[in-house]
Structures are given as C-alpha cells and as structure tokens.
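Colleague: Pasting a structure here, questions to come.
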Amino acid sequence: MYKLNTDLSNEDKRILTEYTNNDYEILPYIEGESFVLNDYGDYLYNECFEKTEIEFFAKQRYKKIIPYTIIKFYNFYLMNTEKERNIWYRGRKDTNGNIEYDCYVESLEEAFMSL
C-alpha cells in the first residue's frame, strides 16, 4: 500500500471543480502497483495485468512507478509523481488491482480535456 498526497494547489482545486462539478475522489492511499506504458520498461503487459493472448498487448512494455497524487474520476485515474508534479498520467484499474497508465499530459487541465 502506498500513502498518497491529498493536498492540492488552489489551481488544481479550481480545475477539479470546473471539470468535475466536485464529483471526484483524491485517493489517500492505493493498493496494488502502478505501471506506465514505456517502450524501455522492465515489465511486459502480462507481468503487470490480467493475462492476455492478444500479441499487441502482450508485447507492450511498462515501467513501474510510485504515485504521488491520484485523482479518481469515474473509472479513470489521474496520477502524478513526486519528481514530475506537472505531468499527469491517465490510467485505468485492471481486474488484478494494478493501474495501467497509457498516456500523459503536461497539466491537470489537459488530463481532463483528454477524457
């Protein structure tokens, strides 16, 4: 289990209100692991998520990452890291409890615009 940051800036709070009408959750902790799609990652899809026979997915590589902040909005997870606070990753929770992040943007506002 990872304890997460729940203290957001006023600007991030404004963005959350504007894009979600306050229908979101800032997670205080996360169980499971977080993996970011990365061509040079150390893990293959089937090592991180529920196994697939689809070759395209099975060959994808992932980097394990430690989240700093995670915002849950419907079935989406928006995450940043302590080292990259201005980069927001968009993800989904797999049936095995791990989170797959497949894209990133350079602001929380862009993350909501990509949903």
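Labels for the structure tokens follow display order: chains A, B, ..., residues from 1 in each chain, ligands from 1.
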Apply DSSP to the backbone of this structure and, from chain A, keep only the residues in strand (DSSP E); write these as a short mmCIF file (atom, residue, chain, number, x, y, z; two decimals) with C-alpha atoms, in the first residue's frame.
Modeller:
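What ended up in out-v7.cif:
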data_model
loop_
_atom_site.label_atom_id
_atom_site.label_comp_id
_atom_site.auth_asym_id
_atom_site.auth_seq_id
_atom_site.Cartn_x
_atom_site.Cartn_y
_atom_site.Cartn_z
CA TYR A 2 1.23 3.49 -0.87
CA LYS A 3 0.23 6.57 1.10
CA GLU A 25 -12.06 11.49 -5.28
CA ILE A 26 -8.50 12.25 -4.17
CA TYR A 29 -3.69 5.58 -0.45
CA ILE A 30 -3.52 2.97 -3.18
CA SER A 34 1.15 1.45 -10.87
CA PHE A 35 2.67 0.89 -14.30
CA VAL A 36 3.30 3.42 -17.08
CA LEU A 37 3.43 2.36 -20.73
CA TYR A 43 7.88 -5.33 -17.41
CA LEU A 44 5.67 -6.87 -20.08
CA ARG A 61 6.40 -2.76 -22.03
CA TYR A 62 5.81 -0.92 -18.77
CA LYS A 63 7.79 0.92 -16.14
CA LYS A 64 6.79 0.52 -12.50
CA ILE A 65 6.19 3.89 -10.90
CA THR A 69 -1.18 12.01 -6.10
CA ILE A 70 -4.07 10.04 -7.64
CA ILE A 71 -7.43 11.52 -8.54
CA LYS A 72 -10.23 9.13 -9.39
CA PHE A 73 -12.85 10.45 -11.79
CA PHE A 76 -10.29 6.99 -14.77
CA TYR A 77 -7.23 7.55 -12.60
CA LEU A 78 -5.13 10.69 -12.99
CA MET A 79 -1.73 10.42 -11.35
CA ASN A 80 1.44 12.43 -10.93
CA TRP A 88 -0.35 13.90 -15.23
CA TYR A 89 -0.81 10.31 -16.35
CA ARG A 90 -4.20 8.90 -17.35
CA GLY A 91 -5.00 5.33 -16.41
CA ARG A 92 -7.43 2.58 -15.62
CA LYS A 93 -7.55 -0.06 -12.91
CA ILE A 99 -3.29 0.53 -12.52
CA GLU A 100 -2.21 0.90 -16.16
CA TYR A 101 -1.28 4.42 -17.27
CA ASP A 102 -1.18 4.68 -21.04
CA CYS A 103 -0.69 8.38 -21.75
CA TYR A 104 0.39 11.62 -20.10
CA VAL A 105 -0.07 15.36 -20.48
#
Colleague: Need to verify the contact set: Thr95 (chain A), 9 Å, only C-alpha atoms, exclusion of same-chain residues closer than 3 positions in sequence. Can you return it as a list in words?
Modeller: Phe49, Glu50 and Asn98 of chain A
Colleague: Between A:Asp39, A:Gly97, A:Ser107, A:Lys13, which residue has the minimum interatomic distance to Arg85 (chain A), considering only C-alpha atoms?
Modeller: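 For Arg85 (chain A), the nearest of the given residues is A:Ser107.
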Colleague: So that I can check the secondary structure, give me every residue of chain A assigned alpha helix (DSSP H) by backbone DSSP, as a ChimeraX atom specification.
Modeller: /A:10-20,45-48,55-58,108-113
Colleague: For the residues selected in the previous step, produce a file with N, CA and C atoms as a JSON list (two decimals), in the first residue's frame.
Modeller:
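Output file part-v6.json is given in full below:
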[["chain", "number", "residue", "atom", "x", "y", "z"],
["A", 10, "ASN", "N", -4.47, 25.43, -5.08],
["A", 10, "ASN", "CA", -5.74, 26.11, -5.36],
["A", 10, "ASN", "C", -6.09, 26.02, -6.84],
["A", 11, "GLU", "N", -5.09, 26.10, -7.69],
["A", 11, "GLU", "CA", -5.33, 25.99, -9.14],
["A", 11, "GLU", "C", -5.86, 24.60, -9.49],
["A", 12, "ASP", "N", -5.27, 23.56, -8.94],
["A", 12, "ASP", "CA", -5.76, 22.20, -9.19],
["A", 12, "ASP", "C", -7.17, 22.02, -8.67],
["A", 13, "LYS", "N", -7.48, 22.58, -7.52],
["A", 13, "LYS", "CA", -8.84, 22.50, -6.96],
["A", 13, "LYS", "C", -9.83, 23.21, -7.87],
["A", 14, "ARG", "N", -9.43, 24.35, -8.43],
["A", 14, "ARG", "CA", -10.29, 25.09, -9.36],
["A", 14, "ARG", "C", -10.58, 24.25, -10.59],
["A", 15, "ILE", "N", -9.54, 23.62, -11.13],
["A", 15, "ILE", "CA", -9.69, 22.77, -12.31],
["A", 15, "ILE", "C", -10.63, 21.59, -12.01],
["A", 16, "LEU", "N", -10.45, 20.97, -10.85],
["A", 16, "LEU", "CA", -11.32, 19.85, -10.47],
["A", 16, "LEU", "C", -12.78, 20.29, -10.38],
["A", 17, "THR", "N", -13.03, 21.44, -9.80],
["A", 17, "THR", "CA", -14.39, 21.95, -9.70],
["A", 17, "THR", "C", -14.97, 22.22, -11.08],
["A", 18, "GLU", "N", -14.18, 22.86, -11.93],
["A", 18, "GLU", "CA", -14.65, 23.21, -13.27],
["A", 18, "GLU", "C", -14.96, 21.99, -14.12],
["A", 19, "TYR", "N", -14.10, 20.98, -14.08],
["A", 19, "TYR", "CA", -14.25, 19.84, -14.98],
["A", 19, "TYR", "C", -15.07, 18.69, -14.40],
["A", 20, "THR", "N", -15.23, 18.65, -13.08],
["A", 20, "THR", "CA", -15.92, 17.50, -12.49],
["A", 20, "THR", "C", -17.16, 17.89, -11.70],
["A", 45, "TYR", "N", 3.30, -6.58, -20.41],
["A", 45, "TYR", "CA", 1.90, -6.44, -20.03],
["A", 45, "TYR", "C", 1.44, -7.59, -19.14],
["A", 46, "ASN", "N", 1.71, -8.82, -19.53],
["A", 46, "ASN", "CA", 1.23, -9.98, -18.78],
["A", 46, "ASN", "C", 1.88, -10.12, -17.41],
["A", 47, "GLU", "N", 2.96, -9.40, -17.14],
["A", 47, "GLU", "CA", 3.57, -9.40, -15.82],
["A", 47, "GLU", "C", 2.89, -8.39, -14.89],
["A", 48, "CYS", "N", 2.15, -7.46, -15.47],
["A", 48, "CYS", "CA", 1.55, -6.37, -14.71],
["A", 48, "CYS", "C", 0.03, -6.50, -14.55],
["A", 55, "GLU", "N", -1.43, -10.51, -28.95],
["A", 55, "GLU", "CA", 0.00, -10.25, -29.07],
["A", 55, "GLU", "C", 0.36, -8.77, -28.95],
["A", 56, "PHE", "N", -0.46, -7.90, -29.53],
["A", 56, "PHE", "CA", -0.20, -6.47, -29.47],
["A", 56, "PHE", "C", -0.04, -6.00, -28.02],
["A", 57, "PHE", "N", -0.98, -6.41, -27.17],
["A", 57, "PHE", "CA", -0.91, -6.01, -25.76],
["A", 57, "PHE", "C", 0.19, -6.75, -25.01],
["A", 58, "ALA", "N", 0.31, -8.05, -25.27],
["A", 58, "ALA", "CA", 1.30, -8.87, -24.55],
["A", 58, "ALA", "C", 2.72, -8.35, -24.75],
["A", 108, "LEU", "N", -2.98, 19.21, -15.29],
["A", 108, "LEU", "CA", -4.20, 18.55, -14.85],
["A", 108, "LEU", "C", -5.35, 18.91, -15.77],
["A", 109, "GLU", "N", -5.40, 20.15, -16.21],
["A", 109, "GLU", "CA", -6.47, 20.58, -17.12],
["A", 109, "GLU", "C", -6.43, 19.79, -18.43],
["A", 110, "GLU", "N", -5.24, 19.60, -19.00],
["A", 110, "GLU", "CA", -5.12, 18.79, -20.22],
["A", 110, "GLU", "C", -5.55, 17.35, -19.97],
["A", 111, "ALA", "N", -5.28, 16.84, -18.78],
["A", 111, "ALA", "CA", -5.69, 15.47, -18.45],
["A", 111, "ALA", "C", -7.21, 15.35, -18.53],
["A", 112, "PHE", "N", -7.92, 16.32, -17.99],
["A", 112, "PHE", "CA", -9.39, 16.25, -18.07],
["A", 112, "PHE", "C", -9.88, 16.47, -19.48],
["A", 113, "MET", "N", -9.19, 17.30, -20.24],
["A", 113, "MET", "CA", -9.58, 17.52, -21.62],
["A", 113, "MET", "C", -9.38, 16.26, -22.46]]
Colleague: Separation of CA of Asn38 (chain A) and CA of Asn5 (chain A), in Å?
Modeller: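 One can read the CA of Asn38 (chain A) to CA of Asn5 (chain A) distance as 24.2 Å.
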